Amino acid sequence: MNHPNNPDHYRWLTLALVGIWFLASLVTLNSNGLFFDEGIYITAGLRTLQGHGYSDQYLTWFGGTLLWPALAGIGYRLAGTVGARALALLAVSAGLLAFSRARRATSSANEPDSGPPSPWP
């Protein structure tokens, strides 16, 4: 029988929790209207897609680039609020996957403080 502190237990528990989070997020994509920041980023994205992103000077109060607003605008054009939120869910999920892959690639089995192993193969 497997010991409760077996790394496989952590892996399966983490996968189950991430799966529940993903499904709960997917089911509630259209549960309410836009939040304030969602509306700002979607509007900035739509304006960017129209060619006005730089002239509207969104980068003076957005940190980074106009990439995310443009992606949010594309999602909104394709499927409205649900499209923008679905694209955000996919982006966050891809970020979690990339983080766990990088963590697994850089951690060593001999490091005592590396924590439980990554849940991703």
# chains A, B, ... in the order shown; residues from 1 in each chain; ligands from 1
call {"tool": "select_by_dssp", "arguments": {"residues": "chain A", "states": "helix (DSSP H, G or I)", "output": "PyMOL selection string"}}
result
chain A and resi 7-27+36-49+58-60+67-106
call {"tool": "atom_distance", "arguments": {"atom1": "CA of Gly19 in chain A", "atom2": "CA of Ile42 in chain A"}}
result
27.0 Å
call {"tool": "closest_residue", "arguments": {"among": "A:Ala102, A:Val92, A:Leu67, A:Leu34", "to": "Val18 in chain A", "atoms": "only C-alpha atoms"}}
result
A:Val92
call {"tool": "atom_distance", "arguments": {"atom1": "CA of Asp56 in chain A", "atom2": "CA of Leu87 in chain A"}}
result
24.0 Å
call {"tool": "closest_residue", "arguments": {"among": "A:Tyr10, A:Tyr41, A:Phe35, A:Phe22", "to": "Phe62 in chain A", "atoms": "only C-alpha atoms"}}
result
A:Tyr41
call {"tool": "residues_around", "arguments": {"residues": "Gly33 in chain A", "least_positions_apart": "4", "cutoff": "10 Å", "atoms": "only C-alpha atoms", "output": "count of residues only"}}
result
5
call {"tool": "closest_residue", "arguments": {"among": "A:Val27, A:Ala105, A:Leu71, A:Leu13", "to": "Ala91 in chain A", "atoms": "only C-alpha atoms"}}
result
A:Leu71
call {"tool": "decode", "arguments": {"residues": "chain A", "atoms": "C-alpha atoms", "output": "short mmCIF file (atom, residue, chain, number, x, y, z; two decimals), in the first residue's frame"}}
result
data_model
loop_
_atom_site.label_atom_id
_atom_site.label_comp_id
_atom_site.auth_asym_id
_atom_site.auth_seq_id
_atom_site.Cartn_x
_atom_site.Cartn_y
_atom_site.Cartn_z
CA MET A 1 0.00 0.00 0.00
CA ASN A 2 1.21 3.52 -0.79
CA HIS A 3 2.23 5.79 2.03
CA PRO A 4 0.11 9.03 2.30
CA ASN A 5 3.25 11.14 1.76
CA ASN A 6 4.00 9.38 -1.51
CA PRO A 7 4.64 11.96 -4.27
CA ASP A 8 2.02 10.26 -6.43
CA HIS A 9 -0.65 11.27 -3.90
CA TYR A 10 0.38 14.91 -4.23
CA ARG A 11 0.39 14.65 -8.00
CA TRP A 12 -3.12 13.16 -8.20
CA LEU A 13 -4.53 15.53 -5.59
CA THR A 14 -3.11 18.53 -7.43
CA LEU A 15 -4.44 17.28 -10.75
CA ALA A 16 -7.87 16.77 -9.23
CA LEU A 17 -7.92 20.27 -7.71
CA VAL A 18 -6.76 21.91 -10.94
CA GLY A 19 -9.36 19.90 -12.86
CA ILE A 20 -12.14 21.02 -10.50
CA TRP A 21 -10.95 24.63 -10.76
CA PHE A 22 -10.88 24.45 -14.56
CA LEU A 23 -14.37 22.93 -14.79
CA ALA A 24 -15.83 25.41 -12.27
CA SER A 25 -14.29 28.28 -14.21
CA LEU A 26 -15.59 26.90 -17.49
CA VAL A 27 -19.13 26.48 -16.19
CA THR A 28 -19.29 30.01 -14.75
CA LEU A 29 -17.91 31.94 -17.74
CA ASN A 30 -21.25 33.68 -18.33
CA SER A 31 -22.44 33.95 -14.73
CA ASN A 32 -22.45 37.75 -14.59
CA GLY A 33 -21.63 40.90 -16.55
CA LEU A 34 -18.21 42.36 -17.12
CA PHE A 35 -16.11 43.42 -14.20
CA PHE A 36 -14.58 46.90 -14.39
CA ASP A 37 -11.10 45.77 -15.44
CA GLU A 38 -12.50 43.26 -17.95
CA GLY A 39 -14.42 46.05 -19.64
CA ILE A 40 -11.36 48.28 -19.77
CA TYR A 41 -9.13 45.60 -21.30
CA ILE A 42 -11.77 44.52 -23.81
CA THR A 43 -12.41 48.12 -24.85
CA ALA A 44 -8.67 48.74 -25.17
CA GLY A 45 -8.38 45.55 -27.21
CA LEU A 46 -11.19 46.52 -29.55
CA ARG A 47 -9.66 49.97 -30.01
CA THR A 48 -6.25 48.37 -30.61
CA LEU A 49 -7.73 46.09 -33.27
CA GLN A 50 -9.21 49.21 -34.91
CA GLY A 51 -5.72 50.72 -35.01
CA HIS A 52 -6.13 53.22 -32.16
CA GLY A 53 -4.28 51.43 -29.34
CA TYR A 54 -1.20 53.64 -29.42
CA SER A 55 -2.98 56.89 -30.23
CA ASP A 56 -5.39 56.33 -27.32
CA GLN A 57 -2.26 56.02 -25.13
CA TYR A 58 -3.37 52.89 -23.27
CA LEU A 59 0.28 52.05 -22.57
CA THR A 60 0.57 55.12 -20.35
CA TRP A 61 -1.65 53.42 -17.77
CA PHE A 62 -1.43 49.71 -18.73
CA GLY A 63 1.66 47.87 -17.63
CA GLY A 64 3.42 45.94 -20.38
CA THR A 65 2.07 45.65 -23.91
CA LEU A 66 -1.21 45.70 -25.77
CA LEU A 67 -1.01 41.95 -26.37
CA TRP A 68 -3.50 40.92 -23.69
CA PRO A 69 -6.03 43.65 -24.51
CA ALA A 70 -5.83 42.69 -28.19
CA LEU A 71 -6.40 39.02 -27.32
CA ALA A 72 -9.33 39.97 -25.08
CA GLY A 73 -10.76 42.03 -27.93
CA ILE A 74 -10.43 39.09 -30.32
CA GLY A 75 -12.15 36.79 -27.82
CA TYR A 76 -14.91 39.35 -27.36
CA ARG A 77 -15.42 39.70 -31.11
CA LEU A 78 -15.62 35.92 -31.51
CA ALA A 79 -17.99 35.08 -28.65
CA GLY A 80 -18.67 38.13 -26.50
CA THR A 81 -17.94 38.07 -22.80
CA VAL A 82 -17.70 34.27 -22.79
CA GLY A 83 -15.07 34.38 -25.54
CA ALA A 84 -12.89 36.86 -23.67
CA ARG A 85 -13.17 34.89 -20.44
CA ALA A 86 -12.54 31.56 -22.19
CA LEU A 87 -9.39 32.97 -23.72
CA ALA A 88 -8.29 34.19 -20.27
CA LEU A 89 -8.97 30.73 -18.82
CA LEU A 90 -6.87 29.12 -21.53
CA ALA A 91 -4.06 31.64 -20.99
CA VAL A 92 -4.00 31.04 -17.21
CA SER A 93 -4.11 27.27 -17.73
CA ALA A 94 -1.21 27.47 -20.18
CA GLY A 95 0.71 29.58 -17.68
CA LEU A 96 0.15 27.01 -14.93
CA LEU A 97 1.32 24.25 -17.23
CA ALA A 98 4.43 26.20 -18.28
CA PHE A 99 5.25 27.01 -14.65
CA SER A 100 4.94 23.41 -13.56
CA ARG A 101 7.05 22.17 -16.47
CA ALA A 102 9.75 24.73 -15.71
CA ARG A 103 9.68 23.86 -12.02
CA ARG A 104 10.02 20.19 -12.78
CA ALA A 105 12.85 20.78 -15.25
CA THR A 106 14.85 22.94 -12.84
CA SER A 107 14.29 21.09 -9.56
CA SER A 108 16.45 18.19 -8.53
CA ALA A 109 15.33 15.06 -6.70
CA ASN A 110 18.23 15.62 -4.27
CA GLU A 111 17.04 19.03 -3.10
CA PRO A 112 15.39 18.65 0.30
CA ASP A 113 13.30 21.84 0.05
CA SER A 114 11.95 21.32 -3.45
CA GLY A 115 8.44 20.49 -2.15
CA PRO A 116 6.05 18.02 -3.68
CA PRO A 117 6.71 17.09 -7.31
CA SER A 118 4.94 18.72 -10.21
CA PRO A 119 1.59 17.13 -11.08
CA TRP A 120 2.25 17.36 -14.78
CA PRO A 121 4.02 14.55 -16.63
#
